[in-house]
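Next comes coords08.txt, a file with compact mmCIF, C-alpha atoms and all ligand atoms.
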# COMPACT_ATOMS: atom_id res chain seq x y z
CA MET O 62 -129.45 162.06 -54.14
CA ALA O 63 -128.85 165.70 -53.31
CA ILE O 64 -125.22 166.69 -53.11
CA ILE O 65 -124.07 169.61 -50.98
CA LYS O 66 -122.77 172.27 -53.36
CA ARG O 67 -122.11 175.21 -51.09
CA ILE O 68 -122.11 176.11 -47.39
CA TRP O 69 -121.80 179.71 -46.26
CA SER O 70 -122.18 181.54 -43.02
CA ARG O 71 -122.67 184.98 -41.50
CA GLU O 72 -122.87 186.78 -38.19
CA ILE O 73 -126.40 187.70 -37.03
CA LEU O 74 -127.86 188.87 -33.69
CA ASP O 75 -129.66 186.74 -31.10
CA SER O 76 -132.46 187.81 -28.73
CA ARG O 77 -129.95 189.42 -26.32
CA SER O 78 -128.32 191.44 -29.11
CA THR O 79 -125.32 189.13 -28.95
CA PRO O 80 -123.86 187.89 -32.24
CA THR O 81 -124.44 184.31 -33.28
CA VAL O 82 -123.78 182.13 -36.35
CA GLU O 83 -126.27 181.64 -39.19
CA THR O 84 -125.33 179.15 -41.88
CA ALA O 85 -126.89 178.31 -45.24
CA CYS O 86 -126.57 175.11 -47.25
CA LEU O 87 -127.19 174.79 -51.01
CA LEU O 88 -127.81 171.41 -52.66
CA ASP O 89 -127.31 170.51 -56.30
CA ASN O 90 -131.09 170.26 -56.76
CA GLY O 91 -131.44 173.96 -55.88
CA VAL O 92 -132.67 173.50 -52.30
CA VAL O 93 -131.36 176.10 -49.84
CA SER O 94 -131.68 175.83 -46.06
CA VAL O 95 -130.74 178.26 -43.28
CA TYR O 96 -130.09 177.46 -39.62
CA SER O 97 -128.90 179.66 -36.75
CA VAL O 98 -127.44 178.53 -33.43
CA PRO O 99 -128.60 179.71 -29.99
CA SER O 100 -126.40 180.69 -27.07
CA GLY O 101 -126.56 180.21 -23.28
CA ALA O 102 -125.90 182.57 -20.36
CA SER O 103 -125.77 180.03 -17.54
CA THR O 104 -123.41 177.78 -19.45
CA GLY O 105 -122.08 174.67 -17.73
CA SER O 106 -118.33 174.12 -17.52
CA TYR O 107 -118.62 170.86 -19.45
CA GLU O 108 -120.18 172.33 -22.60
CA SER O 109 -118.32 172.34 -25.91
CA LEU O 110 -116.64 175.61 -26.79
CA GLU O 111 -118.68 178.43 -28.27
CA LEU O 112 -116.04 180.24 -30.29
CA ARG O 113 -116.08 184.04 -29.85
CA ASP O 114 -113.65 186.57 -31.25
CA SER O 115 -112.57 188.25 -27.98
CA ASP O 116 -111.98 191.39 -30.02
CA PRO O 117 -112.87 194.23 -27.62
CA ASN O 118 -113.51 196.56 -30.56
CA ARG O 119 -116.53 194.58 -31.74
CA PHE O 120 -119.62 193.61 -29.69
CA HIS O 121 -117.66 193.74 -26.41
CA GLY O 122 -115.55 190.83 -27.61
CA LYS O 123 -118.58 188.68 -28.39
CA GLY O 124 -118.33 188.70 -32.19
CA VAL O 125 -118.36 185.33 -33.97
CA LEU O 126 -116.37 186.16 -37.10
CA LYS O 127 -113.79 183.46 -36.28
CA ALA O 128 -116.55 180.83 -36.18
CA VAL O 129 -118.09 182.23 -39.38
CA ASN O 130 -114.68 182.11 -41.00
CA ASN O 131 -114.21 178.50 -39.92
CA VAL O 132 -117.45 177.64 -41.74
CA ASN O 133 -116.62 179.66 -44.86
CA GLN O 134 -112.92 178.79 -45.15
CA VAL O 135 -112.50 175.38 -43.53
CA LEU O 136 -115.58 173.25 -42.76
CA GLY O 137 -117.75 174.29 -45.71
CA PRO O 138 -115.15 173.85 -48.49
CA GLN O 139 -113.97 170.53 -47.00
CA ILE O 140 -117.52 169.13 -46.89
CA VAL O 141 -118.24 170.33 -50.42
CA SER O 142 -115.01 168.75 -51.70
CA LYS O 143 -116.21 165.35 -50.44
CA ASN O 144 -119.46 165.46 -52.46
CA PHE O 145 -121.55 164.45 -49.45
CA ASP O 146 -125.22 163.73 -49.95
CA ALA O 147 -127.20 165.92 -47.52
CA THR O 148 -128.89 162.87 -46.03
CA ASN O 149 -125.52 161.56 -44.83
CA GLN O 150 -126.01 163.42 -41.53
CA PHE O 151 -124.02 161.02 -39.38
CA GLU O 152 -121.06 160.86 -41.78
CA ILE O 153 -120.98 164.65 -42.21
CA ASP O 154 -121.06 165.20 -38.44
CA GLN O 155 -118.30 162.64 -37.91
CA PHE O 156 -116.24 164.31 -40.63
CA MET O 157 -116.54 167.69 -38.83
CA ILE O 158 -115.72 166.14 -35.44
CA LYS O 159 -112.56 164.70 -36.99
CA LEU O 160 -111.61 167.95 -38.70
CA ASP O 161 -111.86 169.72 -35.35
CA GLY O 162 -110.02 166.94 -33.56
CA THR O 163 -110.47 168.26 -30.00
CA GLU O 164 -112.56 166.87 -27.14
CA ASN O 165 -114.68 170.04 -26.80
CA LYS O 166 -114.64 171.42 -30.37
CA SER O 167 -112.31 174.19 -29.29
CA LYS O 168 -110.40 174.31 -32.57
CA LEU O 169 -113.23 175.22 -34.95
CA GLY O 170 -115.99 176.06 -32.43
CA ALA O 171 -119.16 174.15 -31.53
CA ASN O 172 -121.19 177.09 -32.86
CA ALA O 173 -119.53 176.78 -36.29
CA ILE O 174 -119.94 172.99 -36.38
CA LEU O 175 -123.55 172.91 -35.15
CA SER O 176 -124.55 175.63 -37.61
CA ILE O 177 -123.60 173.26 -40.45
CA SER O 178 -125.05 170.19 -38.74
CA GLY O 179 -128.45 171.91 -38.40
CA ALA O 180 -128.39 173.45 -41.89
CA VAL O 181 -127.58 170.06 -43.44
CA ALA O 182 -130.50 168.39 -41.59
CA LYS O 183 -132.86 171.12 -42.78
CA ALA O 184 -131.63 170.86 -46.37
CA ALA O 185 -132.00 167.06 -46.36
CA ALA O 186 -135.58 167.33 -45.07
CA LEU O 187 -136.48 169.93 -47.70
CA SER O 188 -134.97 167.95 -50.52
CA SER O 189 -136.72 164.75 -49.35
CA ALA O 190 -140.01 166.74 -49.35
CA MET O 191 -140.48 165.81 -45.71
CA GLN O 192 -141.50 167.95 -42.77
CA LEU O 193 -138.42 168.55 -40.64
CA PHE O 194 -139.88 166.70 -37.64
CA GLU O 195 -140.52 163.64 -39.83
CA TYR O 196 -136.99 163.73 -41.16
CA ILE O 197 -135.62 164.01 -37.59
CA ALA O 198 -137.83 161.05 -36.62
CA ASP O 199 -136.14 159.09 -39.42
CA LEU O 200 -132.72 159.98 -38.07
CA ALA O 201 -133.87 158.95 -34.57
CA ARG O 202 -135.09 155.63 -35.96
CA LYS O 203 -131.69 155.06 -37.59
CA LYS O 204 -130.20 155.48 -34.11
CA GLN O 205 -132.79 153.01 -32.77
CA ILE O 206 -134.36 155.60 -30.51
CA LEU O 207 -137.86 154.46 -29.59
CA ALA O 208 -139.86 157.60 -30.26
CA THR O 209 -143.51 158.51 -30.47
CA VAL O 210 -143.54 161.54 -32.72
CA HIS O 211 -145.66 164.20 -31.01
CA ALA O 212 -145.70 167.76 -29.69
CA PRO O 213 -144.17 167.33 -26.19
CA ILE O 214 -145.45 168.81 -22.92
CA PRO O 215 -144.20 172.39 -22.45
CA LEU O 216 -142.33 173.66 -19.39
CA PHE O 217 -143.29 177.34 -19.38
CA ASN O 218 -140.68 179.48 -17.70
CA MET O 219 -143.03 182.10 -16.20
CA ILE O 220 -140.58 183.81 -13.85
CA ASN O 221 -136.96 184.49 -14.74
CA GLY O 222 -134.42 184.66 -11.93
CA GLY O 223 -130.73 183.84 -11.60
CA LEU O 224 -128.59 184.96 -14.53
CA HIS O 225 -131.69 185.55 -16.69
CA GLY O 226 -133.59 187.86 -14.33
CA ALA O 227 -133.27 191.18 -12.56
CA GLY O 228 -130.81 189.90 -9.97
CA ASN O 229 -133.14 189.39 -7.01
CA LEU O 230 -134.14 185.72 -7.36
CA ASP O 231 -131.58 182.95 -6.95
CA PHE O 232 -133.43 180.17 -8.75
CA GLN O 233 -133.22 180.66 -12.51
CA GLU O 234 -136.54 179.37 -13.88
CA PHE O 235 -140.00 178.84 -12.39
CA PHE O 236 -142.09 176.49 -14.55
CA VAL O 237 -145.81 176.02 -15.02
CA ILE O 238 -146.42 172.60 -16.57
CA PRO O 239 -149.74 171.46 -18.07
CA ALA O 240 -150.73 167.87 -17.21
CA SER O 241 -149.85 165.20 -19.76
CA SER O 242 -153.58 164.61 -20.35
CA LYS O 243 -153.81 167.96 -22.20
CA SER O 244 -153.04 168.33 -25.88
CA PHE O 245 -150.11 170.64 -26.65
CA THR O 246 -152.47 173.25 -28.07
CA ASP O 247 -154.63 173.26 -24.94
CA GLY O 248 -151.52 173.33 -22.80
CA LEU O 249 -150.27 176.39 -24.68
CA ARG O 250 -153.59 178.19 -24.19
CA ILE O 251 -153.53 177.40 -20.46
CA GLY O 252 -149.92 178.58 -20.26
CA SER O 253 -150.79 181.81 -22.01
CA GLU O 254 -153.80 182.45 -19.74
CA ILE O 255 -151.70 181.91 -16.63
CA TYR O 256 -148.92 184.09 -18.05
CA MET O 257 -151.39 186.96 -18.52
CA SER O 258 -152.80 186.49 -15.00
CA ILE O 259 -149.33 186.58 -13.46
CA GLY O 260 -148.66 189.85 -15.30
CA ASN O 261 -151.91 191.39 -14.03
CA ASN O 262 -151.30 190.23 -10.45
CA LEU O 263 -147.81 191.67 -10.43
CA LYS O 264 -149.18 194.97 -11.73
CA HIS O 265 -151.81 195.10 -8.97
CA ARG O 266 -149.15 194.53 -6.32
CA GLY O 267 -147.03 197.30 -7.75
CA ALA O 268 -144.28 194.76 -8.42
CA ILE O 269 -142.01 195.14 -11.42
CA HIS O 270 -143.48 193.15 -14.27
CA SER O 271 -140.85 193.57 -16.96
CA VAL O 272 -139.53 190.37 -18.46
CA GLY O 273 -136.20 188.55 -18.39
CA ASP O 274 -134.16 186.83 -21.07
CA GLU O 275 -136.63 184.01 -21.69
CA GLY O 276 -139.81 186.11 -21.71
CA GLY O 277 -140.80 185.23 -18.12
CA TYR O 278 -141.45 188.03 -15.62
CA ALA O 279 -138.50 189.37 -13.66
CA PRO O 280 -140.34 190.81 -10.64
CA ASN O 281 -138.88 192.48 -7.55
CA LEU O 282 -139.92 189.74 -5.15
CA PHE O 283 -138.23 188.87 -1.88
CA THR O 284 -137.68 185.13 -1.93
CA ASN O 285 -137.73 182.20 -4.31
CA ALA O 286 -140.73 180.76 -2.46
CA ASP O 287 -142.56 184.07 -3.11
CA ALA O 288 -142.12 183.40 -6.83
CA LEU O 289 -143.73 179.98 -6.44
CA GLU O 290 -146.58 181.65 -4.52
CA ILE O 291 -147.12 184.02 -7.46
CA LEU O 292 -147.59 181.00 -9.72
CA VAL O 293 -150.00 179.34 -7.28
CA GLU O 294 -152.02 182.55 -6.98
CA ALA O 295 -152.43 182.83 -10.76
CA ILE O 296 -153.41 179.16 -11.09
CA ARG O 297 -156.02 179.61 -8.33
CA GLN O 298 -157.69 182.31 -10.41
CA THR O 299 -158.33 179.78 -13.18
CA THR O 300 -160.52 176.68 -13.22
CA TYR O 301 -157.42 174.47 -13.31
CA GLN O 302 -156.23 172.66 -10.27
CA LEU O 303 -152.62 172.49 -9.15
CA GLY O 304 -151.56 168.87 -8.82
CA ARG O 305 -154.22 167.69 -11.27
CA ASP O 306 -154.27 169.92 -14.37
CA ILE O 307 -151.09 171.84 -13.71
CA PHE O 308 -147.77 171.13 -12.03
CA LEU O 309 -144.85 173.34 -11.13
CA GLY O 310 -141.14 172.93 -11.69
CA LEU O 311 -137.81 174.68 -11.22
CA ASP O 312 -134.53 175.09 -13.00
CA VAL O 313 -132.54 175.96 -9.94
CA ALA O 314 -129.21 176.30 -11.84
CA ALA O 315 -127.55 175.71 -8.46
CA SER O 316 -123.97 176.10 -9.74
CA THR O 317 -124.66 179.85 -9.89
CA PHE O 318 -125.14 180.23 -6.10
CA PHE O 319 -122.73 177.59 -4.86
CA ALA O 320 -119.52 178.73 -3.15
CA ASP O 321 -117.27 177.33 -0.43
CA ASN O 322 -119.26 174.12 -0.32
CA MET O 323 -122.46 175.96 0.61
CA TYR O 324 -125.58 177.13 -1.24
CA THR O 325 -126.75 180.65 -0.41
CA ILE O 326 -130.28 181.78 -1.29
CA ARG O 327 -132.35 184.62 0.11
CA ASP O 328 -135.09 182.38 1.54
CA LYS O 329 -132.93 181.47 4.56
CA SER O 330 -130.53 183.67 6.52
CA ALA O 331 -127.91 180.90 6.84
CA PRO O 332 -126.48 179.14 3.78
CA PHE O 333 -127.60 175.58 3.04
CA THR O 334 -125.40 172.53 3.22
CA GLU O 335 -126.03 169.96 0.49
CA ASP O 336 -128.16 167.86 2.86
CA SER O 337 -130.22 170.76 4.18
CA LEU O 338 -130.82 172.02 0.63
CA ILE O 339 -132.11 168.59 -0.37
CA MET O 340 -134.52 168.70 2.59
CA TYR O 341 -135.61 172.18 1.51
CA TYR O 342 -136.42 170.86 -1.99
CA LYS O 343 -138.45 168.09 -0.38
CA GLU O 344 -140.45 170.73 1.49
CA LEU O 345 -141.00 172.70 -1.73
CA GLN O 346 -142.05 169.52 -3.51
CA ASN O 347 -144.69 168.82 -0.84
CA ASN O 348 -146.02 172.37 -0.87
CA TYR O 349 -145.97 173.10 -4.59
CA HIS O 350 -146.45 169.87 -6.55
CA LEU O 351 -143.05 170.09 -8.19
CA ALA O 352 -142.87 167.67 -11.09
CA VAL O 353 -139.52 168.79 -12.51
CA LEU O 354 -136.35 169.85 -10.70
CA GLU O 355 -133.43 170.83 -12.91
CA ASP O 356 -129.87 171.31 -11.68
CA PRO O 357 -130.81 171.25 -7.97
CA LEU O 358 -127.13 170.88 -7.03
CA HIS O 359 -123.92 172.12 -8.62
CA GLU O 360 -122.41 170.43 -11.65
CA ASP O 361 -119.78 168.36 -9.80
CA ALA O 362 -121.82 167.25 -6.77
CA TRP O 363 -122.13 163.62 -7.94
CA GLU O 364 -122.77 162.18 -4.49
CA GLY O 365 -125.39 164.85 -3.73
CA TRP O 366 -127.16 164.12 -7.02
CA ARG O 367 -127.31 160.45 -6.06
CA LYS O 368 -128.82 161.43 -2.70
CA ILE O 369 -131.45 163.77 -4.10
CA SER O 370 -132.45 161.19 -6.71
CA GLU O 371 -132.90 158.67 -3.93
CA VAL O 372 -135.02 161.09 -1.86
CA LEU O 373 -137.14 162.67 -4.63
CA GLY O 374 -136.56 160.67 -7.80
CA SER O 375 -139.69 158.56 -7.52
CA GLN O 376 -141.94 161.66 -7.58
CA VAL O 377 -139.95 164.25 -9.50
CA ALA O 378 -137.97 164.36 -12.74
CA ILE O 379 -134.45 165.14 -11.50
CA VAL O 380 -132.96 166.79 -14.57
CA GLY O 381 -129.28 167.13 -15.38
CA ASP O 382 -128.43 170.18 -17.47
CA ASP O 383 -125.10 171.69 -16.36
CA LEU O 384 -124.36 168.29 -14.78
CA LEU O 385 -124.61 166.44 -18.10
CA ALA O 386 -124.01 169.13 -20.76
CA THR O 387 -125.57 166.84 -23.43
CA ASN O 388 -122.34 164.84 -23.20
CA LEU O 389 -122.43 161.07 -23.68
CA LYS O 390 -119.64 160.37 -21.19
CA ARG O 391 -121.29 162.42 -18.46
CA VAL O 392 -124.69 160.84 -19.14
CA ASP O 393 -123.05 157.44 -18.90
CA LYS O 394 -121.48 158.37 -15.57
CA ALA O 395 -124.82 159.68 -14.29
CA ILE O 396 -126.53 156.41 -15.23
CA GLN O 397 -123.83 154.40 -13.40
CA ASN O 398 -124.10 156.69 -10.36
CA ARG O 399 -127.92 156.88 -10.40
CA ALA O 400 -127.44 160.65 -10.28
CA CYS O 401 -130.64 161.67 -12.06
CA ASN O 402 -133.57 160.34 -14.05
CA ALA O 403 -133.91 162.93 -16.82
CA VAL O 404 -131.64 164.76 -19.25
CA LEU O 405 -131.88 168.28 -20.62
CA ILE O 406 -130.97 168.19 -24.30
CA LYS O 407 -129.34 171.23 -25.89
CA PRO O 408 -127.66 170.48 -29.24
CA ASN O 409 -125.27 173.41 -28.88
CA GLN O 410 -123.84 172.03 -25.63
CA ILE O 411 -122.26 169.22 -27.63
CA GLY O 412 -122.15 170.61 -31.19
CA THR O 413 -123.66 168.11 -33.66
CA ILE O 414 -127.07 166.58 -34.32
CA THR O 415 -125.52 163.09 -34.35
CA GLU O 416 -123.98 163.36 -30.89
CA THR O 417 -127.22 164.86 -29.55
CA LEU O 418 -129.13 161.83 -30.85
CA ASP O 419 -126.56 159.50 -29.25
CA VAL O 420 -127.19 161.14 -25.88
CA ILE O 421 -130.96 160.77 -26.30
CA LYS O 422 -130.55 157.10 -27.18
CA LYS O 423 -128.44 156.47 -24.07
CA ALA O 424 -130.89 158.32 -21.80
CA ARG O 425 -133.91 156.54 -23.27
CA ASP O 426 -132.29 153.14 -22.87
CA ALA O 427 -131.75 153.96 -19.18
CA GLY O 428 -135.48 154.74 -18.86
CA TRP O 429 -134.89 158.46 -18.37
CA LYS O 430 -137.17 161.33 -19.32
CA VAL O 431 -135.98 163.53 -22.19
CA ILE O 432 -136.44 167.32 -22.16
CA VAL O 433 -135.42 169.25 -25.26
CA SER O 434 -134.43 172.84 -24.55
CA HIS O 435 -133.79 176.21 -26.17
CA ARG O 436 -131.05 178.52 -24.85
CA SER O 437 -131.60 181.85 -23.14
CA GLY O 438 -130.12 183.59 -26.18
CA GLU O 439 -132.26 182.54 -29.17
CA THR O 440 -133.15 183.42 -32.72
CA ASN O 441 -136.50 182.89 -34.42
CA ASP O 442 -135.29 179.56 -35.79
CA SER O 443 -137.79 176.86 -34.81
CA PHE O 444 -135.56 173.87 -35.65
CA ILE O 445 -135.58 172.81 -32.00
CA ALA O 446 -139.38 172.36 -32.02
CA ASP O 447 -139.15 169.91 -34.92
CA PHE O 448 -136.20 168.21 -33.30
CA ALA O 449 -138.08 167.70 -30.00
CA SER O 450 -141.13 166.30 -31.79
CA GLY O 451 -139.10 164.01 -34.05
CA VAL O 452 -137.13 162.43 -31.20
CA GLY O 453 -140.33 161.97 -29.16
CA ALA O 454 -139.18 164.10 -26.20
CA ASP O 455 -141.33 164.01 -23.07
CA TYR O 456 -141.04 167.76 -22.49
CA VAL O 457 -139.86 170.90 -24.23
CA LYS O 458 -138.45 173.96 -22.52
CA PHE O 459 -138.69 177.02 -24.74
CA GLY O 460 -139.18 179.80 -22.15
CA ALA O 461 -142.36 181.76 -21.46
CA PRO O 462 -145.27 181.71 -23.92
CA ALA O 463 -144.22 185.24 -24.93
CA ARG O 464 -141.54 187.08 -26.98
CA GLY O 465 -141.04 186.29 -30.64
CA GLU O 466 -138.08 183.94 -30.37
CA ARG O 467 -139.90 181.75 -27.78
CA VAL O 468 -143.32 181.86 -29.43
CA ALA O 469 -141.81 180.90 -32.83
CA LYS O 470 -141.07 177.49 -31.30
CA TYR O 471 -144.35 177.05 -29.41
CA ASN O 472 -146.35 178.06 -32.51
CA ARG O 473 -144.37 175.57 -34.58
CA LEU O 474 -145.34 172.84 -32.11
CA MET O 475 -149.02 173.73 -32.61
CA SER O 476 -148.54 173.30 -36.37
CA ILE O 477 -146.77 169.99 -35.82
CA GLU O 478 -149.58 168.77 -33.56
CA SER O 479 -152.19 169.63 -36.17
CA GLU O 480 -150.12 168.10 -39.01
CA ILE O 481 -149.84 164.85 -37.06
CA TYR O 482 -153.57 164.90 -36.38
CA LEU O 483 -154.45 165.54 -40.03
CA LYS O 484 -152.20 162.74 -41.21
CA SER O 485 -153.83 160.33 -38.76
CA GLN O 486 -157.24 160.94 -40.34
CA PRO O 487 -158.37 158.27 -42.82
CA GLN O 488 -159.57 160.95 -45.27
CA ALA O 489 -156.27 162.80 -45.15
CA GLN O 490 -155.68 164.60 -48.43
CA ARG O 491 -152.01 165.07 -47.86
C1 LIG O 501 -130.85 176.49 -18.84
C2 LIG O 501 -130.82 177.39 -20.06
C3 LIG O 501 -132.07 177.43 -20.87
P1 LIG O 501 -128.96 179.05 -20.64
O1 LIG O 501 -130.09 176.72 -17.88
O2 LIG O 501 -131.53 175.49 -18.83
O3 LIG O 501 -133.20 177.83 -20.17
O4 LIG O 501 -130.27 178.62 -19.81
O5 LIG O 501 -129.27 178.93 -22.06
O6 LIG O 501 -128.67 180.46 -20.19
O7 LIG O 501 -127.86 178.11 -20.21
MG MG O 502 -130.71 174.69 -16.93

This entry written out as structure tokens:
Amino acid sequence: MAIIKRIWSREILDSRSTPTVETACLLDNGVVSVYSVPSGASTGSYESLELRDSDPNRFHGKGVLKAVNNVNQVLGPQIVSKNFDATNQFEIDQFMIKLDGTENKSKLGANAILSISGAVAKAAALSSAMQLFEYIADLARKKQILATVHAPIPLFNMINGGLHGAGNLDFQEFFVIPASSKSFTDGLRIGSEIYMSIGNNLKHRGAIHSVGDEGGYAPNLFTNADALEILVEAIRQTTYQLGRDIFLGLDVAASTFFADNMYTIRDKSAPFTEDSLIMYYKELQNNYHLAVLEDPLHEDAWEGWRKISEVLGSQVAIVGDDLLATNLKRVDKAIQNRACNAVLIKPNQIGTITETLDVIKKARDAGWKVIVSHRSGETNDSFIADFASGVGADYVKFGAPARGERVAKYNRLMSIESEIYLKSQPQAQR
């Protein structure tokens, strides 16, 4: 037993210099945990509400003092008054959902609620003397999620376009993906080598090689296909083979360039219809060994999603991010409609660890792939790496293998991989 004695919160900065919520949780056995929530830029319309102050005199209206106050004055004291044990994750999350009482957590804020949900999970793991990923695996088991605890395959976002880049690429993220036959640690080394090669190649071309929000390069290229060519070029300079050792992928984030029923990107002079865009993706898939295609169509194009899944779903993970918003009802609808075959999981889209696990359970039962993701605005908190390992995700998406807030998570996955290996050894001394 470890009863929650105190919960308190403060405003800190994320990797974009935007305020976010950090919350601490103290148990009666002296354990203290701290967790901070991330924040998106290309947020889907169906995400829970991230409460911001809208006070123009502070941080351009982006302060989070209201959310912090909701933790310090409302959620925290109420939880403490109930004498919850920290391991009662599901009950605590349900209690907060009830206190908020809205469909999208707009009363108290999903950032306030998730900050407690994450801090409680961390405190419970610490007080049970368990590694966080093992504790998460326990929670997943309680939800009957069939999970192999491991360090998942990384999707390295090497080039940042869309809302995360310099404004000259329409597609948001260009992934390099190590083959599943590689260990995570080898995959990270390969990702890092390719990242360095891309940087050198861009320099030689005289292209801009500064980086975007997720640590990937934000070069001054002409088309989205040029960006894929840059990846191919760098892979060719290694001993790895595209389509065997390495695959490519995209987070198109198509809602961001959809208007008047058309999709406009710089690769083609005329805008795409839904059907012609699907054919274009098929062409890209043939040319570039795409293994993952996230948000290829806008977030309400249900019929289009069904079509693209029919055309490409047997070869490619068709991933719903903005489409699904880590929301059980939308995942359910997508399963009924055969709209996709993979879900992007972002705890802050929904607002509690419990609801996030419920979405994973539903997706797994439908035979979908599970990808656990960071947000473009991050802190150095590596909770999400433990979470992804504990729920047995197929992939993780934590940005480029560069910049502190991204590398904190990839490095944590290396530790997790080696911990799992050590524990599997008969002579293990731990
Ligand atoms: C995405 C995410 C994370 P953001 O679209 O998948 O890469 O971006 O956090 O800005 O929504
Ligand atoms: Mg996305």

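Across the structure, atom CA of Ala184 of chain O and atom CA of Gly91 of chain O are spaced 10.0 Å apart.
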
**Asked** Which residue, O:Asp455, O:Ser244, O:Leu338, O:Val313, has the smallest gap to Asn218 of chain O when you use all atoms listed in the file?
**Response** O:Val313

**Request:** Return as an NGL selection string the residues of protein, DNA or RNA that approach ligand MG 502 (chain O) to within 6 Å, with only C-alpha atoms and all ligand atoms taken into account.
**Result:** :O and (312 or 314 or 382)

Who sits within 6 Å of segment 267-284 of chain O, all atoms listed in the file, same chain under 3 positions skipped, as a PDB file with C-alpha atoms, keeping the file's coordinate frame:
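Once everything was written out, this is out25.pdb:
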ATOM      1  CA  ASN O 218    -140.680 179.480 -17.700  1.00  0.00           C
ATOM      2  CA  MET O 219    -143.030 182.100 -16.200  1.00  0.00           C
ATOM      3  CA  ILE O 220    -140.580 183.810 -13.850  1.00  0.00           C
ATOM      4  CA  ASN O 221    -136.960 184.490 -14.740  1.00  0.00           C
ATOM      5  CA  HIS O 225    -131.690 185.550 -16.690  1.00  0.00           C
ATOM      6  CA  GLY O 226    -133.590 187.860 -14.330  1.00  0.00           C
ATOM      7  CA  ALA O 227    -133.270 191.180 -12.560  1.00  0.00           C
ATOM      8  CA  LEU O 263    -147.810 191.670 -10.430  1.00  0.00           C
ATOM      9  CA  LYS O 264    -149.180 194.970 -11.730  1.00  0.00           C
ATOM     10  CA  ASP O 287    -142.560 184.070  -3.110  1.00  0.00           C
ATOM     11  CA  ARG O 327    -132.350 184.620   0.110  1.00  0.00           C
ATOM     12  CA  ASP O 328    -135.090 182.380   1.540  1.00  0.00           C
ATOM     13  CA  SER O 437    -131.600 181.850 -23.140  1.00  0.00           C
ATOM     14  CA  GLY O 460    -139.180 179.800 -22.150  1.00  0.00           C
ATOM     15  CA  ALA O 461    -142.360 181.760 -21.460  1.00  0.00           C
ATOM     16  CA  ALA O 463    -144.220 185.240 -24.930  1.00  0.00           C
ATOM     17  CA  ARG O 464    -141.540 187.080 -26.980  1.00  0.00           C
TER      18      ARG O 464
END

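With distances restricted to all atoms listed in the file, O:Ala102 is the closest residue to Ser76 of chain O from O:Ala102, O:Ala63, O:Leu351, O:Ile432.
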
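Using all atoms listed in the file as the basis for the distance check, residues found within 6 Å of ligand LIG 501 (chain O) are Gly101, Ala102, Ser103, Thr104, His435, Arg436 and Ser437 of chain O.
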
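Excluding Glu364 of chain O and any residue on its chain fewer than 3 positions from it, the residues at most 9 Å away by all atoms listed in the file are Asp361, Arg367, Lys368, Ile369, Asn398 and Ala400 of chain O.
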
**Request:** Find the distance between atom CA of Val181 of chain O and atom CA of Cys86 of chain O and write it in Å to one decimal.
**Result:** 6.4 Å

**Request:** Go ahead and find all residues with at least one atom no further than 10 Å from (-132.0, 162.9, -39.0) in the file's coordinates, using all atoms listed in the file; report them as a ChimeraX atom specification.
**Result:** /O:148-151,179,181-183,185-186,193-204,414-415,418,448,451-452

Can I get the selected residues back with C-alpha atoms, as a short mmCIF file (atom, residue, chain, number, x, y, z; two decimals), in the frame of the given file?
data_model
loop_
_atom_site.label_atom_id
_atom_site.label_comp_id
_atom_site.auth_asym_id
_atom_site.auth_seq_id
_atom_site.Cartn_x
_atom_site.Cartn_y
_atom_site.Cartn_z
CA THR O 148 -128.89 162.87 -46.03
CA ASN O 149 -125.52 161.56 -44.83
CA GLN O 150 -126.01 163.42 -41.53
CA PHE O 151 -124.02 161.02 -39.38
CA GLY O 179 -128.45 171.91 -38.40
CA VAL O 181 -127.58 170.06 -43.44
CA ALA O 182 -130.50 168.39 -41.59
CA LYS O 183 -132.86 171.12 -42.78
CA ALA O 185 -132.00 167.06 -46.36
CA ALA O 186 -135.58 167.33 -45.07
CA LEU O 193 -138.42 168.55 -40.64
CA PHE O 194 -139.88 166.70 -37.64
CA GLU O 195 -140.52 163.64 -39.83
CA TYR O 196 -136.99 163.73 -41.16
CA ILE O 197 -135.62 164.01 -37.59
CA ALA O 198 -137.83 161.05 -36.62
CA ASP O 199 -136.14 159.09 -39.42
CA LEU O 200 -132.72 159.98 -38.07
CA ALA O 201 -133.87 158.95 -34.57
CA ARG O 202 -135.09 155.63 -35.96
CA LYS O 203 -131.69 155.06 -37.59
CA LYS O 204 -130.20 155.48 -34.11
CA ILE O 414 -127.07 166.58 -34.32
CA THR O 415 -125.52 163.09 -34.35
CA LEU O 418 -129.13 161.83 -30.85
CA PHE O 448 -136.20 168.21 -33.30
CA GLY O 451 -139.10 164.01 -34.05
CA VAL O 452 -137.13 162.43 -31.20
#

**Request:** Please identify all polymer residues within 9 Å of segment 370-373 of chain O, counting only C-alpha atoms, omitting same-chain residues fewer than 2 positions from it, and present them as a PyMOL selection string.
**Result:** chain O and resi 339-340+342-343+346+365-368+375-379+399-402

**Request:** Would you kindly return, as a PyMOL selection string, each protein, DNA or RNA residue with an atom no farther than 12 Å from any atom of Glu254 of chain O, considering all atoms listed in the file and excluding same-chain residues fewer than 6 positions away?
**Result:** chain O and resi 217+219+237+239+247-248+260-261+292+295-301+461-463

**Request:** For Leu303 of chain O, work out the shell of residues within 9 Å, counting all atoms listed in the file and skipping chain neighbours fewer than 4 positions away, then give it as a ChimeraX atom specification.
**Result:** /O:293,296-297,307-309,349-350
